[in-house]
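K.L.:
Just input.cif, nothing more (mmCIF, C-alpha atoms):
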data_target
#
loop_
_atom_site.label_atom_id
_atom_site.label_comp_id
_atom_site.auth_asym_id
_atom_site.auth_seq_id
_atom_site.Cartn_x
_atom_site.Cartn_y
_atom_site.Cartn_z
CA MET A 706 197.71 98.91 -8.21
CA GLY A 707 199.49 100.40 -11.22
CA ASP A 708 199.59 96.99 -12.89
CA TYR A 709 195.83 96.68 -12.70
CA LEU A 710 195.40 100.13 -14.21
CA VAL A 711 197.69 99.23 -17.10
CA LEU A 712 195.81 95.97 -17.58
CA ALA A 713 192.47 97.79 -17.61
CA ILE A 714 193.60 100.41 -20.10
CA SER A 715 195.13 97.84 -22.41
CA CYS A 716 191.91 95.78 -22.33
CA ILE A 717 189.62 98.75 -22.94
CA LEU A 718 191.53 100.63 -25.59
CA ILE A 719 194.47 98.75 -27.05
CA ASN A 720 193.06 95.25 -27.25
CA ASN A 721 189.48 96.40 -27.62
CA ILE A 722 187.42 93.24 -27.78
CA LEU A 723 185.30 94.30 -30.74
CA LEU A 724 187.66 96.28 -32.88
CA ALA A 725 191.02 94.62 -32.28
CA GLN A 726 190.21 91.06 -31.17
CA TYR A 727 187.22 90.54 -33.46
CA LEU A 728 184.97 89.04 -30.80
CA GLY A 729 181.27 89.72 -30.33
CA ASN A 730 180.66 91.12 -33.77
CA CYS A 731 177.16 89.68 -34.28
CA PRO A 732 175.53 91.75 -31.49
CA PHE A 733 177.83 94.61 -32.50
CA LEU A 734 176.14 94.85 -35.89
CA GLY A 735 172.76 93.58 -34.73
CA THR A 736 172.01 95.89 -31.81
CA SER A 737 173.77 99.05 -32.93
CA LYS A 738 171.01 100.55 -35.05
CA LYS A 739 169.53 102.47 -32.13
CA MET A 740 171.27 104.13 -29.22
CA GLU A 741 168.81 102.67 -26.68
CA THR A 742 169.36 99.04 -27.66
CA ALA A 743 173.10 99.62 -27.82
CA THR A 744 173.30 100.95 -24.26
CA GLY A 745 171.02 98.13 -23.04
CA MET A 746 173.22 95.51 -24.66
CA ALA A 747 176.37 97.16 -23.32
CA MET A 748 175.06 97.14 -19.74
CA ALA A 749 173.90 93.53 -20.01
CA VAL A 750 177.31 92.44 -21.34
CA ILE A 751 179.19 94.26 -18.56
CA PHE A 752 176.95 92.64 -15.95
CA VAL A 753 177.18 89.09 -17.29
CA LEU A 754 180.82 89.20 -18.34
CA VAL A 755 182.12 90.12 -14.88
CA LEU A 756 180.11 87.29 -13.32
CA ALA A 757 181.07 84.82 -16.05
CA GLY A 758 184.74 85.76 -15.85
CA ALA A 759 184.78 85.11 -12.11
CA MET A 760 182.77 81.88 -12.33
CA THR A 761 184.75 80.30 -15.14
CA TRP A 762 188.03 81.19 -13.42
CA VAL A 763 186.87 79.40 -10.27
CA VAL A 764 185.61 76.40 -12.22
CA ASP A 765 188.81 76.17 -14.22
CA THR A 766 191.18 76.49 -11.26
CA TYR A 767 189.38 74.45 -8.63
CA VAL A 768 187.68 71.79 -10.74
CA LEU A 769 189.21 71.34 -14.17
CA LYS A 770 192.90 71.88 -13.36
CA LYS A 771 192.67 70.10 -10.04
CA PHE A 772 191.33 66.91 -11.57
CA GLY A 773 193.20 67.15 -14.90
CA LEU A 774 190.07 67.66 -16.96
CA GLU A 775 191.31 70.53 -19.17
CA TYR A 776 189.90 68.86 -22.27
CA LEU A 777 186.40 69.48 -20.94
CA ARG A 778 187.02 73.24 -20.83
CA THR A 779 184.90 74.16 -23.85
CA ILE A 780 181.86 72.18 -22.70
CA SER A 781 182.02 73.26 -19.09
CA PHE A 782 182.53 76.95 -19.92
CA ILE A 783 179.56 77.12 -22.26
CA LEU A 784 177.40 75.33 -19.69
CA VAL A 785 178.52 77.70 -16.93
CA ILE A 786 177.78 80.71 -19.11
CA ALA A 787 174.41 79.42 -20.31
CA SER A 788 173.20 78.53 -16.83
CA LEU A 789 174.57 81.77 -15.39
CA VAL A 790 172.63 83.80 -17.96
CA GLN A 791 169.48 81.84 -17.20
CA PHE A 792 170.00 82.31 -13.46
CA VAL A 793 170.66 86.03 -13.76
CA GLU A 794 167.50 86.37 -15.82
CA MET A 795 165.34 84.61 -13.21
CA PHE A 796 166.96 86.51 -10.35
CA LEU A 797 166.45 89.91 -11.96
CA LYS A 798 162.85 89.10 -12.86
CA LYS A 799 162.00 88.26 -9.25
CA SER A 800 164.05 90.79 -7.27
CA ILE A 801 164.94 93.79 -9.44
CA PRO A 802 162.11 94.15 -12.00
CA ALA A 803 163.23 97.65 -13.02
CA LEU A 804 166.63 96.39 -14.13
CA TYR A 805 165.03 93.36 -15.77
CA ALA A 806 162.80 95.61 -17.86
CA GLY A 807 165.89 97.31 -19.21
CA LEU A 808 168.17 94.33 -19.78
CA GLY A 809 165.66 91.48 -20.13
CA ILE A 810 165.52 91.02 -23.87
CA PHE A 811 169.29 91.14 -24.26
CA LEU A 812 170.12 88.48 -21.71
CA PRO A 813 169.25 85.38 -23.78
CA LEU A 814 171.31 86.76 -26.67
CA ILE A 815 174.40 86.89 -24.50
CA THR A 816 174.74 83.10 -24.30
CA THR A 817 175.81 83.02 -27.92
CA ASN A 818 177.86 86.21 -27.72
CA CYS A 819 181.38 85.07 -28.40
CA ALA A 820 182.82 88.03 -26.48
CA VAL A 821 181.74 86.42 -23.19
CA MET A 822 183.19 83.01 -23.95
CA GLY A 823 186.21 84.60 -25.61
CA VAL A 824 187.14 86.71 -22.59
CA CYS A 825 186.76 83.71 -20.28
CA LEU A 826 189.17 81.75 -22.49
CA ILE A 827 191.61 84.67 -22.73
CA ASN A 828 191.66 84.93 -18.92
CA ILE A 829 192.68 81.30 -18.70
CA ASN A 830 195.18 81.40 -21.57
CA GLU A 831 196.94 84.45 -20.13
CA GLU A 832 197.09 82.71 -16.74
CA TYR A 833 195.65 85.66 -14.87
CA SER A 834 195.16 85.56 -11.12
CA PHE A 835 191.61 85.86 -9.80
CA LEU A 836 191.82 89.63 -9.27
CA GLN A 837 193.46 90.15 -12.66
CA ALA A 838 190.76 88.05 -14.32
CA LEU A 839 188.10 90.15 -12.65
CA VAL A 840 189.70 93.42 -13.77
CA ALA A 841 190.27 92.12 -17.28
CA SER A 842 186.66 90.89 -17.59
CA PHE A 843 185.30 94.24 -16.49
CA ALA A 844 187.69 96.17 -18.72
CA TYR A 845 186.96 94.07 -21.80
CA ALA A 846 183.24 94.47 -21.19
CA ALA A 847 183.65 98.22 -20.74
CA GLY A 848 185.59 98.31 -24.02
CA PHE A 849 182.76 96.41 -25.68
CA GLY A 850 180.25 98.93 -24.34
CA LEU A 851 182.38 101.89 -25.40
CA ALA A 852 182.80 100.64 -28.96
CA LEU A 853 179.13 99.65 -29.23
CA VAL A 854 177.83 103.02 -28.05
CA LEU A 855 180.25 104.97 -30.26
CA PHE A 856 179.28 102.85 -33.23
CA ALA A 857 175.56 103.24 -32.55
CA GLY A 858 176.00 107.00 -32.49
CA VAL A 859 177.71 106.94 -35.88
CA ARG A 860 175.15 104.56 -37.29
CA GLU A 861 172.20 106.73 -36.30
CA ARG A 862 173.74 109.50 -38.40
CA ILE A 863 174.28 107.16 -41.35
CA LEU A 864 170.54 106.54 -41.48
CA LEU A 865 170.14 110.14 -42.57
CA ALA A 866 172.76 109.92 -45.30
CA ARG A 867 172.17 108.72 -48.82
CA VAL A 868 174.05 105.44 -49.15
CA PRO A 869 174.29 103.68 -52.54
CA ARG A 870 171.90 100.72 -52.68
CA PRO A 871 174.33 97.79 -52.72
CA LEU A 872 176.21 99.29 -49.78
CA GLN A 873 173.19 99.73 -47.54
CA ASP A 874 172.73 98.27 -44.08
CA THR A 875 175.35 95.68 -43.07
CA SER A 876 177.84 96.58 -45.78
CA ILE A 877 178.17 100.25 -44.83
CA GLY A 878 178.03 99.16 -41.19
CA LEU A 879 181.13 97.02 -41.64
CA ILE A 880 183.02 99.75 -43.48
CA THR A 881 182.16 102.21 -40.71
CA ALA A 882 183.34 99.67 -38.16
CA GLY A 883 186.58 99.42 -40.11
CA ILE A 884 187.15 103.18 -39.85
CA LEU A 885 186.27 103.12 -36.16
CA SER A 886 188.70 100.26 -35.71
CA LEU A 887 191.37 102.36 -37.41
CA THR A 888 190.97 105.03 -34.72
CA PHE A 889 191.40 102.42 -31.99
CA PHE A 890 194.45 101.18 -33.89
CA ALA A 891 196.14 104.43 -32.96
CA PHE A 892 196.30 103.32 -29.32
CA LYS A 893 198.76 100.55 -30.21
CA GLY A 894 202.13 101.05 -28.64
CA TRP A 895 200.78 103.02 -25.71
CA VAL A 896 201.57 100.50 -23.04
CA MET B 657 158.83 71.28 -48.56
CA ALA B 658 159.13 72.27 -52.16
CA LYS B 659 162.90 71.97 -52.22
CA THR B 660 164.49 68.88 -53.69
CA ILE B 661 167.34 67.16 -51.92
CA VAL B 662 169.88 68.64 -54.32
CA GLN B 663 168.57 72.12 -53.62
CA GLU B 664 169.03 71.61 -49.88
CA PHE B 665 172.71 71.14 -50.61
CA THR B 666 173.24 73.87 -53.20
CA LYS B 667 171.39 76.63 -51.35
CA GLY B 668 174.32 76.86 -48.94
CA LEU B 669 176.69 77.55 -51.80
CA TRP B 670 174.95 80.61 -53.20
CA ASP B 671 171.42 81.52 -52.08
CA GLU B 672 172.10 81.34 -48.36
CA ILE B 673 175.88 81.44 -48.29
CA PRO B 674 177.10 82.55 -44.87
CA PRO B 675 178.36 85.12 -43.91
CA PHE B 676 177.23 87.09 -46.95
CA ARG B 677 173.56 86.19 -47.27
CA LEU B 678 173.01 85.11 -43.68
CA VAL B 679 174.94 87.69 -41.71
CA LEU B 680 175.97 85.27 -38.97
CA GLY B 681 179.28 84.02 -37.68
CA LEU B 682 181.18 87.22 -38.31
CA CYS B 683 183.80 86.84 -35.60
CA PRO B 684 185.70 83.87 -37.06
CA THR B 685 185.22 85.35 -40.52
CA LEU B 686 187.02 88.52 -39.56
CA ALA B 687 189.58 87.00 -37.26
CA VAL B 688 191.05 84.04 -39.08
CA THR B 689 191.15 85.28 -42.67
CA LYS B 690 194.63 86.75 -42.52
CA THR B 691 195.71 84.00 -44.90
CA VAL B 692 193.89 81.63 -47.24
CA GLU B 693 195.16 78.64 -45.34
CA ASN B 694 193.75 79.73 -41.99
CA GLY B 695 190.43 80.50 -43.66
CA ILE B 696 190.21 77.04 -45.20
CA GLY B 697 191.25 75.33 -41.94
CA MET B 698 188.61 77.21 -39.99
CA GLY B 699 186.04 76.45 -42.68
CA ILE B 700 186.73 72.73 -42.56
CA ALA B 701 186.55 72.65 -38.76
CA THR B 702 183.24 74.51 -38.81
CA THR B 703 181.87 72.23 -41.55
CA PHE B 704 182.64 69.17 -39.46
CA VAL B 705 180.88 70.62 -36.43
CA LEU B 706 177.92 71.72 -38.56
CA VAL B 707 177.43 68.32 -40.19
CA GLY B 708 177.93 66.44 -36.93
CA SER B 709 175.56 68.58 -34.90
CA ASN B 710 172.94 68.70 -37.68
CA VAL B 711 172.94 64.90 -37.94
CA LEU B 712 172.68 64.33 -34.21
CA VAL B 713 170.06 67.01 -33.69
CA SER B 714 167.88 65.70 -36.50
CA VAL B 715 168.16 62.12 -35.24
CA LEU B 716 167.29 63.16 -31.69
CA ARG B 717 164.72 65.81 -32.60
CA LYS B 718 161.78 63.75 -31.36
CA VAL B 719 163.48 62.79 -28.11
CA ILE B 720 164.59 66.27 -27.02
CA PRO B 721 161.88 68.13 -25.05
CA SER B 722 161.28 71.49 -26.68
CA LYS B 723 161.71 73.44 -23.42
CA VAL B 724 165.34 72.50 -22.98
CA ARG B 725 166.21 72.15 -26.66
CA ILE B 726 168.68 75.05 -26.84
CA ALA B 727 170.68 73.67 -23.92
CA CYS B 728 170.70 70.22 -25.54
CA PHE B 729 171.83 71.67 -28.88
CA ILE B 730 174.64 73.55 -27.16
CA ILE B 731 175.88 70.38 -25.47
CA ILE B 732 175.81 68.47 -28.76
CA ILE B 733 177.71 71.26 -30.52
CA ALA B 734 180.23 71.57 -27.68
CA THR B 735 180.92 67.84 -27.92
CA PHE B 736 181.78 68.07 -31.59
CA VAL B 737 183.89 71.17 -31.00
CA THR B 738 185.88 69.29 -28.38
CA VAL B 739 186.43 66.48 -30.90
CA VAL B 740 187.72 68.98 -33.48
CA GLU B 741 189.94 70.62 -30.88
CA LEU B 742 191.57 67.34 -29.86
CA VAL B 743 191.97 66.10 -33.44
CA MET B 744 193.58 69.36 -34.55
CA GLN B 745 195.90 69.36 -31.57
CA ALA B 746 197.06 65.89 -32.56
CA PHE B 747 197.34 66.19 -36.33
CA ALA B 748 197.48 69.86 -37.29
CA TYR B 749 199.27 71.53 -34.41
CA PRO B 750 200.66 74.59 -36.29
CA LEU B 751 197.17 75.43 -37.57
CA PHE B 752 195.73 74.86 -34.11
CA LEU B 753 198.16 77.41 -32.69
CA LYS B 754 197.34 79.94 -35.40
CA LEU B 755 193.58 79.67 -34.97
CA GLY B 756 193.97 79.83 -31.17
CA ILE B 757 190.84 80.57 -29.19
CA PHE B 758 188.70 80.61 -32.31
CA ILE B 759 188.51 76.80 -32.32
CA PRO B 760 186.69 76.56 -28.95
CA LEU B 761 184.67 79.57 -30.02
CA ILE B 762 182.98 77.53 -32.78
CA VAL B 763 180.58 76.61 -29.94
CA VAL B 764 179.17 80.12 -29.92
CA ASN B 765 179.25 80.54 -33.70
CA CYS B 766 175.69 81.55 -34.47
CA ILE B 767 175.69 79.68 -37.80
CA VAL B 768 175.95 76.30 -36.10
CA LEU B 769 173.27 76.94 -33.48
CA GLY B 770 171.15 78.71 -36.09
CA ARG B 771 171.14 75.70 -38.42
CA ALA B 772 170.41 73.29 -35.56
CA GLU B 773 167.47 75.38 -34.40
CA ALA B 774 166.07 76.54 -37.74
CA PHE B 775 166.67 73.47 -39.86
CA ALA B 776 167.87 70.26 -38.24
CA SER B 777 165.24 70.29 -35.48
CA LYS B 778 162.50 70.23 -38.13
CA ASN B 779 163.91 68.10 -40.93
CA ASN B 780 164.95 64.51 -41.40
CA PHE B 781 168.40 63.02 -41.26
CA ILE B 782 169.33 63.15 -44.98
CA ARG B 783 168.16 66.70 -45.54
CA SER B 784 169.92 67.91 -42.40
CA THR B 785 173.19 66.28 -43.42
CA LEU B 786 173.06 67.91 -46.84
CA ASP B 787 172.08 71.24 -45.34
CA GLY B 788 175.02 71.14 -42.93
CA LEU B 789 177.41 70.12 -45.69
CA GLY B 790 176.17 72.82 -48.06
CA ILE B 791 176.30 75.64 -45.52
CA GLY B 792 179.69 74.43 -44.29
CA ILE B 793 181.23 74.35 -47.76
CA GLY B 794 179.71 77.74 -48.53
CA PHE B 795 181.27 79.12 -45.35
CA THR B 796 184.64 77.59 -46.26
CA LEU B 797 184.51 79.15 -49.73
CA ALA B 798 183.61 82.52 -48.29
CA LEU B 799 186.47 82.39 -45.78
CA ALA B 800 188.91 81.29 -48.48
CA ALA B 801 187.80 84.14 -50.77
CA LEU B 802 188.13 86.77 -48.04
CA GLY B 803 191.45 85.25 -46.96
CA ALA B 804 192.75 85.36 -50.54
CA VAL B 805 191.88 89.04 -50.96
CA ARG B 806 193.42 90.02 -47.64
CA GLU B 807 196.57 87.95 -48.00
CA LEU B 808 197.16 88.98 -51.59
CA LEU B 809 196.88 92.70 -50.88
CA GLY B 810 198.36 92.57 -47.41
CA SER B 811 201.50 90.56 -48.08
CA GLY B 812 201.66 90.11 -51.85
CA HIS B 813 201.66 86.30 -51.85
CA LEU B 814 199.29 83.39 -51.37
CA THR B 815 200.27 80.56 -49.03
CA ILE B 816 199.05 77.13 -50.03
CA TRP B 817 200.34 74.04 -48.23
CA GLU B 818 202.88 76.24 -46.43
CA LYS B 819 204.52 77.31 -49.70
CA PRO B 820 204.18 81.01 -50.45
CA ILE B 821 203.43 81.73 -54.10
CA GLN B 822 204.58 85.18 -55.14
CA VAL B 823 201.88 86.80 -57.21
CA PHE B 824 203.13 90.35 -57.58
CA GLY B 825 206.71 91.25 -58.53
CA PRO B 826 209.41 92.08 -55.97
CA SER B 827 208.70 95.80 -56.29
CA PHE B 828 205.23 95.33 -54.77
CA GLN B 829 204.71 97.32 -51.59
CA PRO B 830 202.58 95.21 -49.21
CA PHE B 831 199.39 96.95 -48.18
CA THR B 832 199.71 95.80 -44.54
CA PHE B 833 196.54 97.61 -43.57
CA MET B 834 194.60 94.68 -45.07
CA ILE B 835 195.89 92.04 -42.68
CA GLU B 836 195.13 94.17 -39.63
CA ALA B 837 191.74 94.55 -37.95
CA PRO B 838 190.47 97.62 -39.85
CA GLY B 839 191.24 95.97 -43.17
CA ALA B 840 189.18 92.94 -42.20
CA PHE B 841 186.07 95.00 -41.57
CA ILE B 842 186.46 97.04 -44.73
CA ALA B 843 187.26 94.05 -46.96
CA LEU B 844 184.21 92.17 -45.68
CA GLY B 845 182.01 95.24 -46.12
CA LEU B 846 183.14 95.66 -49.72
CA MET B 847 182.64 91.96 -50.45
CA LEU B 848 179.09 92.18 -49.11
CA CYS B 849 178.56 95.12 -51.43
CA VAL B 850 179.81 93.08 -54.41
CA MET B 851 177.55 90.17 -53.42
CA ASN B 852 174.58 92.55 -53.26
CA LEU B 853 175.43 93.88 -56.71
CA LEU B 854 175.62 90.37 -58.17
CA GLY B 855 172.60 89.04 -56.34
CA LYS B 856 169.89 91.64 -56.63
CA LYS B 857 169.16 93.34 -59.89
#
Translate this file's structure into structure tokens.

P.N.:
Amino acid sequence: MGDYLVLAISCILINNILLAQYLGNCPFLGTSKKMETATGMAMAVIFVLVLAGAMTWVVDTYVLKKFGLEYLRTISFILVIASLVQFVEMFLKKSIPALYAGLGIFLPLITTNCAVMGVCLININEEYSFLQALVASFAYAAGFGLALVLFAGVRERILLARVPRPLQDTSIGLITAGILSLTFFAFKGWV
Amino acid sequence: MAKTIVQEFTKGLWDEIPPFRLVLGLCPTLAVTKTVENGIGMGIATTFVLVGSNVLVSVLRKVIPSKVRIACFIIIIATFVTVVELVMQAFAYPLFLKLGIFIPLIVVNCIVLGRAEAFASKNNFIRSTLDGLGIGIGFTLALAALGAVRELLGSGHLTIWEKPIQVFGPSFQPFTFMIEAPGAFIALGLMLCVMNLLGKK
């Protein structure tokens, strides 16, 4: 049990997917201008990433490794993720319309979110067991959500500040992300 | 279609240079630019995938049904990424190890899918090739520039062909902050600022 807790903490804080592993930065900058979109994106990522982490682990262990097809990993993972996203979208639309209304517009964007694919590959490279992969996927996604929501909060305040013209928008966003990343840097050496 | 063929190529080098003008593909930009060499290696790999997928998409653009086009583009891109992965494993193994999971992640690099969707699916073979080449070289230059700044300040030397060239004297204190994650964000932010200053009057 303790091992899983350590794994979760190290995935959320120490190896934060956005600020320490540099994955998923396009939605990080794209959807962080408003708190609402940021929380929507965070929820959608948590939802899809846990499913994708589990699915790709199963595909990798029981299909690719079993038949010696590791070189097809990239293609099969992206196909699994793309079809999973599509499937989740259709399922939510039919059965849980309330959730779909909240997450709907973010789901197609997740296919090209490198955090999802990245975590699936990390799970395989680290040779996690199924349960570990599940915990790691959830923890990475939670770390993504945490960083995204924190960043959106800061960014809403920046809108009120007077930023020099050449620094506006993405530029100041990146510098803010750098400072935020510095605070997460302090967690290094915890575990 | 007012642009000439030469302009299709050169727009990628300045007017639409990723990741500065088109803010896409940030993850590899931030992650692999610890050294110039990694930046250039990543740039070349991405260029190959861009040109390959642009060519194939533009050739097949009339065959692919528009409803499933994104899925088709992703498969085409993933094929080229697998080619790059295998070639690098065979001929540039140290670089392959350094770039790690960012090689398979070229699949989800928004620049590649963006060019396939926005350009190659609407333009002919020659224009798409030049577009892919231009954007790819622009991306390589941008990665090399960011890598040079970070490596120079972070470790005080530039590594080219695995030979470190000392730029500052021995008394230089490396500014290690620059080769860590926070430095990447801040260096890219400041470079965007410089590009904005140069570009818009």

K.L.:
Could you jot down the CA of Ser842 in chain A to CA of Val755 in chain A separation for me, Å, one decimal place?

P.N.:
5.3 Å

K.L.:
I need the output of the PyMOL selection byres ((chain A) within 10 of (chain B)) for this file as a ChimeraX atom specification; which residues are they?

P.N.:
/A:723-735,776-784,787-788,815-824,826-827,830,869-890

K.L.:
Any idea what the distance is between CA of Leu712 in chain B and CA of Gln745 in chain B?

P.N.:
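Taking CA of Leu712 in chain B as the start and CA of Gln745 in chain B as the end point, the length is 23.9 Å.
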
K.L.:
Show me the residues close to (173.3, 102.9, -28.6) - anything with an atom within 7 Å, counting only C-alpha atoms - and format the list as a count of residues only.

P.N.:
11

K.L.:
For Asn710 in chain B, which residue among B:Asn780, B:Thr815, B:Thr660, B:Gln829 is the nearest when counting all atoms listed in the file?

P.N.:
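With all atoms listed in the file as the atom set, the closest residue is B:Asn780.
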
K.L.:
What is the CA of Gly773 in chain A-CA of Cys728 in chain B distance in Å, reported with one decimal?

P.N.:
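Going from CA of Gly773 in chain A over to CA of Cys728 in chain B, I get 25.1 Å.
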
K.L.:
Apply the PyMOL selection byres ((chain B and resi 725) around 12) to the file shown and report the selected residues as a list in words.

P.N.:
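Checked against the file, the PyMOL selection byres ((chain B and resi 725) around 12) matches Val713, Ser714, Leu716, Arg717, Lys718, Val719, Ile720, Pro721, Ser722, Lys723, Val724, Ile726, Ala727, Cys728, Phe729, Ile730, Ile731, Ile732, Leu769, Ala772, Glu773, Ala774, Ala776 and Ser777 of chain B.
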
K.L.:
Hey, can you spit out that residue selection with C-alpha atoms as a PDB file, in the frame of the given file?

P.N.:
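The resulting part14.pdb:
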ATOM      1  CA  VAL B 713     170.060  67.010 -33.690  1.00  0.00           C
ATOM      2  CA  SER B 714     167.880  65.700 -36.500  1.00  0.00           C
ATOM      3  CA  LEU B 716     167.290  63.160 -31.690  1.00  0.00           C
ATOM      4  CA  ARG B 717     164.720  65.810 -32.600  1.00  0.00           C
ATOM      5  CA  LYS B 718     161.780  63.750 -31.360  1.00  0.00           C
ATOM      6  CA  VAL B 719     163.480  62.790 -28.110  1.00  0.00           C
ATOM      7  CA  ILE B 720     164.590  66.270 -27.020  1.00  0.00           C
ATOM      8  CA  PRO B 721     161.880  68.130 -25.050  1.00  0.00           C
ATOM      9  CA  SER B 722     161.280  71.490 -26.680  1.00  0.00           C
ATOM     10  CA  LYS B 723     161.710  73.440 -23.420  1.00  0.00           C
ATOM     11  CA  VAL B 724     165.340  72.500 -22.980  1.00  0.00           C
ATOM     12  CA  ILE B 726     168.680  75.050 -26.840  1.00  0.00           C
ATOM     13  CA  ALA B 727     170.680  73.670 -23.920  1.00  0.00           C
ATOM     14  CA  CYS B 728     170.700  70.220 -25.540  1.00  0.00           C
ATOM     15  CA  PHE B 729     171.830  71.670 -28.880  1.00  0.00           C
ATOM     16  CA  ILE B 730     174.640  73.550 -27.160  1.00  0.00           C
ATOM     17  CA  ILE B 731     175.880  70.380 -25.470  1.00  0.00           C
ATOM     18  CA  ILE B 732     175.810  68.470 -28.760  1.00  0.00           C
ATOM     19  CA  LEU B 769     173.270  76.940 -33.480  1.00  0.00           C
ATOM     20  CA  ALA B 772     170.410  73.290 -35.560  1.00  0.00           C
ATOM     21  CA  GLU B 773     167.470  75.380 -34.400  1.00  0.00           C
ATOM     22  CA  ALA B 774     166.070  76.540 -37.740  1.00  0.00           C
ATOM     23  CA  ALA B 776     167.870  70.260 -38.240  1.00  0.00           C
ATOM     24  CA  SER B 777     165.240  70.290 -35.480  1.00  0.00           C
TER      25      SER B 777
END

K.L.:
Pull the closest atom pair for each residue of range 737-839 of chain B that gets at most 6 Å from range 690-708 of chain B, along with the distance in Å to one decimal, counting only C-alpha atoms, ordering rows by chain and then ascending residue number, as CSV.

P.N.:
residue,atom,partner,partner_atom,distance
B:Val768,CA,B:Leu706,CA,5.6
B:Thr785,CA,B:Val707,CA,5.7
B:Gly788,CA,B:Val707,CA,4.6
B:Leu789,CA,B:Val707,CA,5.8
B:Gly792,CA,B:Thr703,CA,4.1
B:Thr796,CA,B:Gly699,CA,4.0
B:Leu799,CA,B:Gly695,CA,4.9
B:Ala800,CA,B:Gly695,CA,5.1
B:Gly803,CA,B:Val692,CA,4.4
B:Ala804,CA,B:Val692,CA,5.1
B:Glu807,CA,B:Thr691,CA,5.1
B:Ile835,CA,B:Lys690,CA,5.4

K.L.:
Tell me which residues the PyMOL selection byres ((chain B and resi 674) around 9) grabs here, as a VMD selection string.

P.N.:
chain B and resid 668 to 670 672 to 673 675 to 681 767 791 to 792 794 to 795 798

K.L.:
Print the selection's residues with C-alpha atoms to a file, as an mmCIF file, keeping the file's coordinate frame.

P.N.:
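Below is the file result.cif, written as the result:
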data_model
loop_
_atom_site.group_PDB
_atom_site.id
_atom_site.type_symbol
_atom_site.label_atom_id
_atom_site.label_comp_id
_atom_site.auth_asym_id
_atom_site.auth_seq_id
_atom_site.Cartn_x
_atom_site.Cartn_y
_atom_site.Cartn_z
ATOM 1 C CA GLY B 668 174.320 76.860 -48.940
ATOM 2 C CA LEU B 669 176.690 77.550 -51.800
ATOM 3 C CA TRP B 670 174.950 80.610 -53.200
ATOM 4 C CA GLU B 672 172.100 81.340 -48.360
ATOM 5 C CA ILE B 673 175.880 81.440 -48.290
ATOM 6 C CA PRO B 675 178.360 85.120 -43.910
ATOM 7 C CA PHE B 676 177.230 87.090 -46.950
ATOM 8 C CA ARG B 677 173.560 86.190 -47.270
ATOM 9 C CA LEU B 678 173.010 85.110 -43.680
ATOM 10 C CA VAL B 679 174.940 87.690 -41.710
ATOM 11 C CA LEU B 680 175.970 85.270 -38.970
ATOM 12 C CA GLY B 681 179.280 84.020 -37.680
ATOM 13 C CA ILE B 767 175.690 79.680 -37.800
ATOM 14 C CA ILE B 791 176.300 75.640 -45.520
ATOM 15 C CA GLY B 792 179.690 74.430 -44.290
ATOM 16 C CA GLY B 794 179.710 77.740 -48.530
ATOM 17 C CA PHE B 795 181.270 79.120 -45.350
ATOM 18 C CA ALA B 798 183.610 82.520 -48.290
#

K.L.:
Range 661-667 of chain B: which residues within 6 Å, counting only C-alpha atoms, same-chain residues fewer than 4 positions away excluded, as a VMD selection string?

P.N.:
chain B and resid 671 to 672 786 to 787 790

K.L.:
For Leu804 in chain A, which of A:Phe835, A:Trp895, A:Phe752, A:Tyr709 is the closest residue, counting only C-alpha atoms?

P.N.:
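Checking each candidate against Leu804 in chain A, we get A:Phe752 as the closest.
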
K.L.:
Restricting the calculation to all atoms listed in the file, which member of B:His813, B:Lys754, B:Lys778, B:Lys659 is positioned closest to Val711 in chain B?

P.N.:
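Of all the options, B:Lys778 lies closest to Val711 in chain B.
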